[in-house]
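Trainee: entry-v5.cif is reproduced below (mmCIF, C-alpha atoms and all ligand atoms).
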data_structure
loop_
_atom_site.group_PDB
_atom_site.id
_atom_site.type_symbol
_atom_site.label_atom_id
_atom_site.label_comp_id
_atom_site.auth_asym_id
_atom_site.auth_seq_id
_atom_site.Cartn_x
_atom_site.Cartn_y
_atom_site.Cartn_z
ATOM 1 C CA MET G 1 144.434 13.636 40.656
ATOM 2 C CA ALA G 2 145.504 15.432 43.764
ATOM 3 C CA ARG G 3 149.197 14.713 43.673
ATOM 4 C CA ARG G 4 151.329 17.190 41.822
ATOM 5 C CA VAL G 5 152.794 15.821 38.611
ATOM 6 C CA LYS G 6 155.554 17.029 36.406
ATOM 7 C CA ALA G 7 154.111 18.256 33.123
ATOM 8 C CA LEU G 8 155.758 16.987 29.965
ATOM 9 C CA PRO G 9 157.001 19.698 27.596
ATOM 10 C CA GLY G 10 154.562 21.144 25.106
ATOM 11 C CA PRO G 11 155.100 21.347 21.366
ATOM 12 C CA ALA G 12 156.236 24.264 19.224
ATOM 13 C CA LYS G 13 153.678 26.238 17.272
ATOM 14 C CA THR G 14 155.376 26.699 13.913
ATOM 15 C CA GLN G 15 153.626 26.192 10.582
ATOM 16 C CA GLY G 16 155.250 25.585 7.197
ATOM 17 C CA PHE G 17 157.563 23.303 5.233
ATOM 18 C CA VAL G 18 160.731 21.736 6.583
ATOM 19 C CA GLU G 19 163.069 19.453 4.610
ATOM 20 C CA ILE G 20 164.067 16.488 6.765
ATOM 21 C CA VAL G 21 166.259 14.643 4.233
ATOM 22 C CA GLU G 22 167.005 15.565 0.653
ATOM 23 C CA GLY G 23 163.755 15.828 -1.264
ATOM 24 C CA VAL G 24 161.492 14.914 1.642
ATOM 25 C CA HIS G 25 159.558 17.940 2.802
ATOM 26 C CA ILE G 26 157.079 18.036 5.645
ATOM 27 C CA PHE G 27 154.372 20.636 5.975
ATOM 28 C CA ILE G 28 153.950 21.133 9.714
ATOM 29 C CA GLY G 29 150.416 22.168 10.603
ATOM 30 C CA GLY G 30 151.397 24.232 13.632
ATOM 31 C CA ASP G 31 149.243 24.497 16.769
ATOM 32 C CA GLY G 32 148.404 20.815 16.417
ATOM 33 C CA GLY G 33 147.166 21.189 12.822
ATOM 34 C CA THR G 34 147.562 18.343 10.341
ATOM 35 C CA ASN G 35 151.018 17.546 8.937
ATOM 36 C CA PHE G 36 151.497 16.584 5.286
ATOM 37 C CA GLY G 37 154.356 15.042 3.324
ATOM 38 C CA LEU G 38 155.761 16.217 -0.003
ATOM 39 C CA VAL G 39 158.305 13.784 -1.418
ATOM 40 C CA LEU G 40 160.211 14.656 -4.571
ATOM 41 C CA THR G 41 160.979 11.760 -6.904
ATOM 42 C CA ASP G 42 162.479 11.215 -10.363
ATOM 43 C CA GLU G 43 158.901 11.432 -11.641
ATOM 44 C CA LYS G 44 156.329 13.720 -10.090
ATOM 45 C CA PRO G 45 156.147 14.492 -6.375
ATOM 46 C CA VAL G 46 154.214 12.281 -3.973
ATOM 47 C CA ILE G 47 152.076 13.837 -1.277
ATOM 48 C CA ILE G 48 150.952 12.199 1.916
ATOM 49 C CA ASP G 49 147.526 13.463 3.049
ATOM 50 C CA ASN G 50 145.867 16.805 2.268
ATOM 51 C CA ASP G 51 143.165 19.166 3.506
ATOM 52 C CA ILE G 52 141.125 21.531 1.348
ATOM 53 C CA ARG G 53 141.169 24.102 4.176
ATOM 54 C CA ILE G 54 144.982 24.247 4.043
ATOM 55 C CA ARG G 55 145.237 24.160 0.229
ATOM 56 C CA LYS G 56 146.391 27.731 -0.168
ATOM 57 C CA ALA G 57 149.262 27.503 2.294
ATOM 58 C CA PHE G 58 150.256 24.021 1.173
ATOM 59 C CA VAL G 59 150.152 24.642 -2.591
ATOM 60 C CA SER G 60 151.965 27.977 -2.405
ATOM 61 C CA GLY G 61 154.691 26.388 -0.261
ATOM 62 C CA MET G 62 154.859 23.427 -2.644
ATOM 63 C CA LYS G 63 155.338 25.742 -5.623
ATOM 64 C CA GLU G 64 158.455 27.144 -4.032
ATOM 65 C CA ILE G 65 159.844 23.606 -3.811
ATOM 66 C CA THR G 66 158.755 22.075 -7.124
ATOM 67 C CA ARG G 67 157.049 23.172 -10.322
ATOM 68 C CA LYS G 68 155.540 19.715 -10.847
ATOM 69 C CA SER G 69 152.078 18.775 -9.706
ATOM 70 C CA PRO G 70 151.787 15.638 -7.507
ATOM 71 C CA GLY G 71 151.546 12.324 -9.343
ATOM 72 C CA LEU G 72 150.604 10.226 -6.331
ATOM 73 C CA VAL G 73 148.511 10.977 -3.257
ATOM 74 C CA LEU G 74 148.764 8.565 -0.316
ATOM 75 C CA ASN G 75 146.092 8.675 2.407
ATOM 76 C CA THR G 76 146.917 7.539 5.962
ATOM 77 C CA HIS G 77 143.216 7.381 6.976
ATOM 78 C CA HIS G 78 139.834 8.736 5.943
ATOM 79 C CA ASN G 79 139.422 11.880 8.123
ATOM 80 C CA PHE G 80 138.512 15.152 6.395
ATOM 81 C CA ASP G 81 141.743 16.811 7.518
ATOM 82 C CA HIS G 82 143.751 14.120 5.670
ATOM 83 C CA THR G 83 141.753 13.481 2.476
ATOM 84 C CA SER G 84 139.425 16.380 1.685
ATOM 85 C CA ASP G 85 141.601 17.716 -1.135
ATOM 86 C CA ASN G 86 142.079 14.360 -2.936
ATOM 87 C CA GLY G 87 139.700 15.610 -5.638
ATOM 88 C CA TYR G 88 141.803 18.693 -6.342
ATOM 89 C CA TYR G 89 144.819 16.488 -7.114
ATOM 90 C CA HIS G 90 142.744 13.906 -9.027
ATOM 91 C CA LYS G 91 141.681 16.677 -11.385
ATOM 92 C CA ARG G 92 145.334 17.508 -11.953
ATOM 93 C CA GLY G 93 146.228 13.959 -12.917
ATOM 94 C CA ALA G 94 147.232 12.413 -9.587
ATOM 95 C CA VAL G 95 146.385 8.846 -8.583
ATOM 96 C CA SER G 96 145.451 8.330 -4.947
ATOM 97 C CA VAL G 97 146.024 5.227 -2.851
ATOM 98 C CA GLY G 98 144.441 4.206 0.431
ATOM 99 C CA GLU G 99 143.400 1.206 2.468
ATOM 100 C CA GLU G 100 139.938 -0.209 1.701
ATOM 101 C CA ASN G 101 138.436 1.112 4.965
ATOM 102 C CA VAL G 102 139.507 4.633 4.006
ATOM 103 C CA ARG G 103 137.138 4.464 1.045
ATOM 104 C CA LEU G 104 134.382 2.782 3.067
ATOM 105 C CA GLU G 105 134.573 5.303 5.909
ATOM 106 C CA MET G 106 134.530 8.243 3.503
ATOM 107 C CA GLU G 107 131.472 6.764 1.789
ATOM 108 C CA ARG G 108 129.767 6.225 5.131
ATOM 109 C CA GLU G 109 130.299 9.871 6.144
ATOM 110 C CA GLU G 110 129.124 11.089 2.744
ATOM 111 C CA ASN G 111 125.995 8.890 2.918
ATOM 112 C CA GLU G 112 125.249 10.128 6.418
ATOM 113 C CA GLY G 113 125.546 13.690 5.125
ATOM 114 C CA ILE G 114 128.262 14.594 7.632
ATOM 115 C CA TRP G 115 131.371 14.672 5.433
ATOM 116 C CA VAL G 116 131.640 18.466 5.457
ATOM 117 C CA LYS G 117 129.074 19.311 8.140
ATOM 118 C CA GLN G 118 131.054 17.667 10.936
ATOM 119 C CA MET G 119 133.831 20.214 10.372
ATOM 120 C CA ALA G 120 131.539 23.243 10.756
ATOM 121 C CA GLY G 121 131.968 25.693 13.610
ATOM 122 C CA ARG G 122 135.769 25.509 13.686
ATOM 123 C CA PRO G 123 138.112 28.407 13.005
ATOM 124 C CA GLN G 124 138.657 27.286 9.400
ATOM 125 C CA LYS G 125 135.282 27.829 7.799
ATOM 126 C CA VAL G 126 133.717 25.059 5.727
ATOM 127 C CA GLU G 127 130.117 26.281 5.667
ATOM 128 C CA HIS G 128 130.467 27.407 2.027
ATOM 129 C CA LEU G 129 131.485 23.850 1.081
ATOM 130 C CA ILE G 130 128.380 22.121 2.470
ATOM 131 C CA GLY G 131 126.528 20.452 -0.427
ATOM 132 C CA LYS G 132 129.340 21.432 -2.807
ATOM 133 C CA LEU G 133 132.330 19.419 -1.698
ATOM 134 C CA HIS G 134 131.998 15.662 -1.930
ATOM 135 C CA ILE G 135 134.332 12.851 -1.045
ATOM 136 C CA ALA G 136 137.042 11.806 -3.477
ATOM 137 C CA PRO G 137 138.049 8.419 -2.088
ATOM 138 C CA PRO G 138 141.371 6.810 -2.984
ATOM 139 C CA MET G 139 141.343 5.485 -6.562
ATOM 140 C CA VAL G 140 143.510 2.499 -5.688
ATOM 141 C CA THR G 141 142.577 0.602 -2.538
ATOM 142 C CA PHE G 142 144.254 -2.347 -0.878
ATOM 143 C CA GLU G 143 143.901 -4.548 2.165
ATOM 144 C CA GLY G 144 146.821 -5.345 4.455
ATOM 145 C CA GLU G 145 149.742 -3.694 2.737
ATOM 146 C CA ILE G 146 150.976 -2.446 -0.587
ATOM 147 C CA SER G 147 154.437 -1.546 -1.904
ATOM 148 C CA ILE G 148 154.644 1.302 -4.365
ATOM 149 C CA ARG G 149 157.754 1.963 -6.388
ATOM 150 C CA TYR G 150 157.567 5.348 -7.971
ATOM 151 C CA GLY G 151 160.137 7.739 -9.315
ATOM 152 C CA GLY G 152 163.063 5.888 -7.745
ATOM 153 C CA ARG G 153 161.556 5.732 -4.277
ATOM 154 C CA LEU G 154 159.804 2.986 -2.338
ATOM 155 C CA PHE G 155 156.663 3.616 -0.314
ATOM 156 C CA GLU G 156 155.166 0.830 1.781
ATOM 157 C CA MET G 157 151.655 1.396 3.053
ATOM 158 C CA VAL G 158 150.823 -0.875 5.994
ATOM 159 C CA HIS G 159 147.336 -1.085 7.496
ATOM 160 C CA ILE G 160 147.739 -1.148 11.265
ATOM 161 C CA GLY G 161 144.067 -1.753 12.065
ATOM 162 C CA HIS G 162 141.282 0.040 13.899
ATOM 163 C CA CYS G 163 143.025 2.373 16.374
ATOM 164 C CA HIS G 164 142.253 6.069 15.670
ATOM 165 C CA THR G 165 139.986 5.118 12.727
ATOM 166 C CA LYS G 166 139.264 1.873 10.891
ATOM 167 C CA GLY G 167 141.651 2.585 8.032
ATOM 168 C CA ASP G 168 144.749 3.616 10.008
ATOM 169 C CA THR G 169 147.741 3.114 7.748
ATOM 170 C CA VAL G 170 151.394 4.069 8.039
ATOM 171 C CA VAL G 171 153.474 5.105 5.043
ATOM 172 C CA TRP G 172 156.935 3.638 5.472
ATOM 173 C CA MET G 173 159.879 4.747 3.360
ATOM 174 C CA PRO G 174 162.393 1.985 4.196
ATOM 175 C CA GLU G 175 165.317 3.502 2.290
ATOM 176 C CA GLU G 176 165.091 6.843 4.077
ATOM 177 C CA ARG G 177 163.705 5.234 7.276
ATOM 178 C CA ILE G 178 160.851 7.707 7.466
ATOM 179 C CA LEU G 179 157.527 6.653 8.974
ATOM 180 C CA PHE G 180 154.434 8.726 8.285
ATOM 181 C CA THR G 181 152.146 7.661 11.090
ATOM 182 C CA GLY G 182 148.914 9.457 10.235
ATOM 183 C CA ASP G 183 146.938 9.988 13.416
ATOM 184 C CA LEU G 184 148.244 6.771 14.946
ATOM 185 C CA LEU G 185 150.607 9.275 16.498
ATOM 186 C CA ASP G 186 149.710 12.853 17.284
ATOM 187 C CA TYR G 187 152.929 13.992 18.916
ATOM 188 C CA ARG G 188 152.527 15.883 22.180
ATOM 189 C CA THR G 189 148.920 16.292 21.112
ATOM 190 C CA HIS G 190 145.984 14.553 22.776
ATOM 191 C CA PRO G 191 144.670 11.910 20.380
ATOM 192 C CA VAL G 192 141.248 12.245 18.794
ATOM 193 C CA ALA G 193 139.524 8.959 19.443
ATOM 194 C CA ARG G 194 135.938 9.736 18.444
ATOM 195 C CA LEU G 195 135.969 6.789 16.015
ATOM 196 C CA GLY G 196 138.796 4.989 17.738
ATOM 197 C CA ASN G 197 139.550 1.935 19.802
ATOM 198 C CA PHE G 198 142.072 2.458 22.595
ATOM 199 C CA GLY G 199 142.433 -1.255 23.345
ATOM 200 C CA ASN G 200 143.530 -1.974 19.772
ATOM 201 C CA TRP G 201 145.689 1.135 19.804
ATOM 202 C CA ILE G 202 147.612 0.060 22.902
ATOM 203 C CA ASN G 203 148.045 -3.412 21.410
ATOM 204 C CA ALA G 204 149.309 -1.940 18.125
ATOM 205 C CA THR G 205 152.230 -0.039 19.656
ATOM 206 C CA PRO G 206 154.706 -2.987 19.553
ATOM 207 C CA LYS G 207 154.045 -3.329 15.816
ATOM 208 C CA LEU G 208 154.547 0.424 15.307
ATOM 209 C CA LYS G 209 157.733 0.342 17.354
ATOM 210 C CA LYS G 210 159.205 -2.324 15.061
ATOM 211 C CA PHE G 211 159.696 0.103 12.167
ATOM 212 C CA PRO G 212 163.355 1.177 12.495
ATOM 213 C CA ALA G 213 162.415 4.802 11.879
ATOM 214 C CA LYS G 214 164.943 7.609 11.914
ATOM 215 C CA PHE G 215 162.111 10.083 11.468
ATOM 216 C CA LEU G 216 158.564 9.814 12.727
ATOM 217 C CA ILE G 217 156.143 12.131 10.984
ATOM 218 C CA PRO G 218 153.083 12.377 13.204
ATOM 219 C CA GLY G 219 149.627 13.263 11.887
ATOM 220 C CA HIS G 220 149.599 16.304 14.164
ATOM 221 C CA GLY G 221 152.155 18.045 16.341
ATOM 222 C CA PRO G 222 155.845 18.718 15.727
ATOM 223 C CA ILE G 223 158.373 16.211 14.376
ATOM 224 C CA PRO G 224 159.807 14.414 17.402
ATOM 225 C CA THR G 225 163.492 14.829 18.112
ATOM 226 C CA GLN G 226 163.546 11.860 20.507
ATOM 227 C CA PRO G 227 164.269 8.343 19.189
ATOM 228 C CA ALA G 228 161.160 6.686 17.718
ATOM 229 C CA SER G 229 160.941 3.970 20.372
ATOM 230 C CA LYS G 230 160.846 6.625 23.115
ATOM 231 C CA VAL G 231 158.084 8.468 21.298
ATOM 232 C CA TRP G 232 155.963 5.331 21.025
ATOM 233 C CA ASP G 233 156.586 4.563 24.716
ATOM 234 C CA GLU G 234 155.544 8.090 25.654
ATOM 235 C CA PHE G 235 152.323 7.787 23.692
ATOM 236 C CA ARG G 236 151.599 4.283 24.959
ATOM 237 C CA GLY G 237 152.121 5.729 28.447
ATOM 238 C CA TYR G 238 149.371 8.251 27.774
ATOM 239 C CA MET G 239 146.954 5.536 26.752
ATOM 240 C CA THR G 240 147.789 3.106 29.554
ATOM 241 C CA LYS G 241 147.534 5.887 32.152
ATOM 242 C CA LEU G 242 144.198 6.913 30.704
ATOM 243 C CA ARG G 243 143.105 3.283 30.950
ATOM 244 C CA SER G 244 144.193 2.727 34.554
ATOM 245 C CA ARG G 245 142.805 6.059 35.741
ATOM 246 C CA THR G 246 139.507 5.497 33.974
ATOM 247 C CA ALA G 247 139.271 1.978 35.382
ATOM 248 C CA ALA G 248 139.853 3.342 38.900
ATOM 249 C CA ALA G 249 137.222 6.047 38.378
ATOM 250 C CA LEU G 250 134.699 3.469 37.188
ATOM 251 C CA LYS G 251 135.147 1.565 40.438
ATOM 252 C CA LYS G 252 134.270 4.677 42.431
ATOM 253 C CA HIS G 253 131.411 6.014 40.328
ATOM 254 C CA ARG G 254 128.410 4.191 38.923
ATOM 255 C CA THR G 255 127.894 6.235 35.774
ATOM 256 C CA ILE G 256 130.426 6.862 33.054
ATOM 257 C CA ALA G 257 129.516 10.561 33.010
ATOM 258 C CA LYS G 258 130.392 10.866 36.715
ATOM 259 C CA ALA G 259 133.517 8.741 36.440
ATOM 260 C CA VAL G 260 135.107 10.741 33.639
ATOM 261 C CA THR G 261 134.923 13.971 35.630
ATOM 262 C CA SER G 262 137.466 12.462 38.016
ATOM 263 C CA VAL G 263 139.925 11.361 35.312
ATOM 264 C CA HIS G 264 142.832 13.789 35.053
ATOM 265 C CA MET G 265 145.864 13.694 32.791
ATOM 266 C CA ASP G 266 147.780 16.523 34.423
ATOM 267 C CA GLU G 267 151.218 15.582 33.146
ATOM 268 C CA TYR G 268 149.906 16.108 29.603
ATOM 269 C CA ARG G 269 148.367 19.502 30.219
ATOM 270 C CA ASN G 270 150.879 21.258 27.954
ATOM 271 C CA TRP G 271 150.018 19.055 24.991
ATOM 272 C CA PHE G 272 147.740 20.375 22.273
ATOM 273 C CA ARG G 273 143.998 19.672 22.583
ATOM 274 C CA SER G 274 144.078 19.045 26.317
ATOM 275 C CA ASN G 275 140.331 19.731 26.304
ATOM 276 C CA LEU G 276 139.912 16.237 24.833
ATOM 277 C CA VAL G 277 140.612 14.416 28.111
ATOM 278 C CA PRO G 278 136.925 13.983 29.104
ATOM 279 C CA GLN G 279 136.037 12.737 25.613
ATOM 280 C CA ASN G 280 138.927 10.283 25.610
ATOM 281 C CA ALA G 281 138.111 9.101 29.117
ATOM 282 C CA THR G 282 134.502 8.544 28.007
ATOM 283 C CA LEU G 283 135.572 6.351 25.101
ATOM 284 C CA MET G 284 137.957 4.455 27.356
ATOM 285 C CA ALA G 285 135.196 3.956 29.948
ATOM 286 C CA LYS G 286 132.820 2.600 27.315
ATOM 287 C CA GLU G 287 135.467 0.154 26.127
ATOM 288 C CA LEU G 288 136.215 -0.991 29.672
ATOM 289 C CA ARG G 289 132.518 -1.491 30.501
ATOM 290 C CA LYS G 290 131.961 -3.434 27.293
ATOM 291 C CA LYS G 291 134.855 -5.730 28.038
ATOM 292 C CA ARG G 292 133.463 -6.615 31.455
ATOM 293 C CA ARG G 293 130.140 -7.717 30.063
HETATM 294 ZN ZN ZN G 301 144.036 14.282 11.761
#
Please go through the file and, once you have read it, give me the structure as structure tokens.
Mentor:
Amino acid sequence: MARRVKALPGPAKTQGFVEIVEGVHIFIGGDGGTNFGLVLTDEKPVIIDNDIRIRKAFVSGMKEITRKSPGLVLNTHHNFDHTSDNGYYHKRGAVSVGEENVRLEMEREENEGIWVKQMAGRPQKVEHLIGKLHIAPPMVTFEGEISIRYGGRLFEMVHIGHCHTKGDTVVWMPEERILFTGDLLDYRTHPVARLGNFGNWINATPKLKKFPAKFLIPGHGPIPTQPASKVWDEFRGYMTKLRSRTAAALKKHRTIAKAVTSVHMDEYRNWFRSNLVPQNATLMAKELRKKRR
């Protein structure tokens, strides 16, 4: 877009644990890396998501906080960077919980032989894990929602539907008013929508906004300091702008490939993963073309 736009602020680059309320620790990925939860309870700790590539940093940080090994592992969706270390915790006695599509999507990627391979070529090497690391899907699966009372805390897992992936689930702690969003929200980080559906995602934002969250823990990016409703509006703004700009580009250009080259998201240029704009515009264009048919 030719007109000059004001860029929204970019996120901080820190990595490591922060305690947001007593006993609730968040491992911030830094540089847009995956965030994980570590919640202390009267029993063992509960972790939200995990990644074998981050095990060393996560486990050594965890050991400074608690000597107990996690008893429960909650998965927000199936992606490798949220579930690939389930097996490590299973072996140490943890029970994992995830929505039914989390299991199905992990099985699909394993059957297609891409579970580890798709992560190759990134800074964190996985080549040595190809053929050795296999999926460890959630042991307990559910459809819709499930309430888990464990160690004096309440965790509500609510399936939001197919937005970023088919199994997108939030973990809601109503007593502490903490919402773990998984990749339904990547704060100040361009969303990865390779397996996503932007139409559903836009439509899901009112439901996400209804959680009276004091803290939003995004799947990637820093913990927002703005009120939750503002954060959801900001992210919905990204998606609706992407939609209107892509729709306008499709009117001007016949092919999707040509159209996406003219879609710009300049006000988000300081967000992490700004290289994803063409990919996201392509997915949006495909959705818009399909709808017209
Ligand atoms: Zn992720």
Trainee: Residues within 9 Å of Val24 in chain G, please, as a PyMOL selection string. Count all atoms listed in the file; anything in the same chain fewer than 4 positions from it doesn't count.
Mentor: chain G and resi 18-20+37-40
Trainee: From the set G:His253, G:Asn35, G:Pro278, G:Val158, which residue has the shortest atom-to-atom contact distance to Leu185 in chain G, counting all atoms listed in the file?
Mentor: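 Using all atoms listed in the file, the shortest distance to Leu185 in chain G belongs to G:Asn35.
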Trainee: Evaluate the PyMOL selection byres (((chain G and resi 230) around 12) and not hetatm) here and jot the selected residues down as an mmCIF file with C-alpha atoms, in the coordinates of the input.
Mentor:
data_model
loop_
_atom_site.group_PDB
_atom_site.id
_atom_site.type_symbol
_atom_site.label_atom_id
_atom_site.label_comp_id
_atom_site.auth_asym_id
_atom_site.auth_seq_id
_atom_site.Cartn_x
_atom_site.Cartn_y
_atom_site.Cartn_z
ATOM 1 C CA TYR G 187 152.929 13.992 18.916
ATOM 2 C CA THR G 205 152.230 -0.039 19.656
ATOM 3 C CA PRO G 206 154.706 -2.987 19.553
ATOM 4 C CA LEU G 208 154.547 0.424 15.307
ATOM 5 C CA LYS G 209 157.733 0.342 17.354
ATOM 6 C CA ALA G 213 162.415 4.802 11.879
ATOM 7 C CA LYS G 214 164.943 7.609 11.914
ATOM 8 C CA LEU G 216 158.564 9.814 12.727
ATOM 9 C CA PRO G 224 159.807 14.414 17.402
ATOM 10 C CA THR G 225 163.492 14.829 18.112
ATOM 11 C CA GLN G 226 163.546 11.860 20.507
ATOM 12 C CA PRO G 227 164.269 8.343 19.189
ATOM 13 C CA ALA G 228 161.160 6.686 17.718
ATOM 14 C CA SER G 229 160.941 3.970 20.372
ATOM 15 C CA VAL G 231 158.084 8.468 21.298
ATOM 16 C CA TRP G 232 155.963 5.331 21.025
ATOM 17 C CA ASP G 233 156.586 4.563 24.716
ATOM 18 C CA GLU G 234 155.544 8.090 25.654
ATOM 19 C CA PHE G 235 152.323 7.787 23.692
ATOM 20 C CA ARG G 236 151.599 4.283 24.959
ATOM 21 C CA GLY G 237 152.121 5.729 28.447
#
Trainee: Wanna dump the chain G-ligand ZN 301 (chain G) contacts at 9 Å for me, each residue with its shortest atom pair and the distance in Å to one decimal, counting only C-alpha atoms and all ligand atoms, ordered by chain and number, as a Markdown table?
Mentor:
| residue | atom | partner | partner_atom | distance |
| --- | --- | --- | --- | --- |
| G:Gly33 | CA | G:ZN301 | ZN | 7.7 |
| G:Thr34 | CA | G:ZN301 | ZN | 5.6 |
| G:Asn35 | CA | G:ZN301 | ZN | 8.2 |
| G:His77 | CA | G:ZN301 | ZN | 8.4 |
| G:Asn79 | CA | G:ZN301 | ZN | 6.3 |
| G:Phe80 | CA | G:ZN301 | ZN | 7.8 |
| G:Asp81 | CA | G:ZN301 | ZN | 5.4 |
| G:His82 | CA | G:ZN301 | ZN | 6.1 |
| G:Gly182 | CA | G:ZN301 | ZN | 7.0 |
| G:Asp183 | CA | G:ZN301 | ZN | 5.4 |
| G:Asp186 | CA | G:ZN301 | ZN | 8.0 |
| G:Pro191 | CA | G:ZN301 | ZN | 9.0 |
| G:Val192 | CA | G:ZN301 | ZN | 7.8 |
| G:Gly219 | CA | G:ZN301 | ZN | 5.7 |
| G:His220 | CA | G:ZN301 | ZN | 6.4 |
Trainee: Nearest to Asn197 in chain G: which of G:Glu143, G:Glu110, G:Asp168, G:Glu267 is it, counting only C-alpha atoms?
Mentor: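 Closest to Asn197 in chain G of all the choices is G:Asp168.
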Trainee: Please provide as a list in words all residues within 7 Å of Thr246 in chain G, with the sequence filter that same-chain residues fewer than 6 positions apart are discarded (counting only C-alpha atoms).
Mentor: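 Near neighbours after the sequence-gap exclusion: Val260, Val263, Ala281, Met284 and Ala285 of chain G.
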Trainee: Could you write out as lines of an AutoDock Vina configuration file the box around range 88-100 of chain G (axis-aligned, all atoms listed in the file, 5 Å on each side), with centre and edge lengths in Å to one decimal?
Mentor:
center_x = 143.6
center_y = 9.2
center_z = -5.2
size_x = 17.3
size_y = 28.9
size_z = 25.4
Trainee: Which of these, G:Thr261, G:Thr165, G:Asn86, G:Asn111, has the shortest distance to Phe198 in chain G once you count only C-alpha atoms?
Mentor: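 Answer, going by the shortest atom-to-atom distance: G:Thr165.
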Trainee: If the PyMOL selection byres (((chain G and resi 43) around 10) and not hetatm) is run on the structure shown, which residues does it catch, given as a PyMOL selection string?
Mentor: chain G and resi 40-42+44-46+68+70-72+150-153
Trainee: Skip Phe180 in chain G itself and residues of its chain fewer than 5 positions away, then list as a tab-separated table (two decimals) with C-alpha atoms, keeping the file's coordinate frame all residues within 6 Å of it, counting all atoms listed in the file.
Mentor:
chain	number	residue	atom	x	y	z
G	170	VAL	CA	151.39	4.07	8.04
G	171	VAL	CA	153.47	5.11	5.04
G	217	ILE	CA	156.14	12.13	10.98
Trainee: Smallest atom-to-atom distance to Trp115 in chain G: which of G:His90, G:Thr141, G:Leu250, G:His78, using only C-alpha atoms?
Mentor: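 Looking only at the distances to Trp115 in chain G, the closest residue turns out to be G:His78.
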Trainee: Measuring between only C-alpha atoms, which one of G:Leu133, G:Gly113, G:Ala120, G:Phe58 shows the shortest distance to Gly87 in chain G?
Mentor: G:Leu133
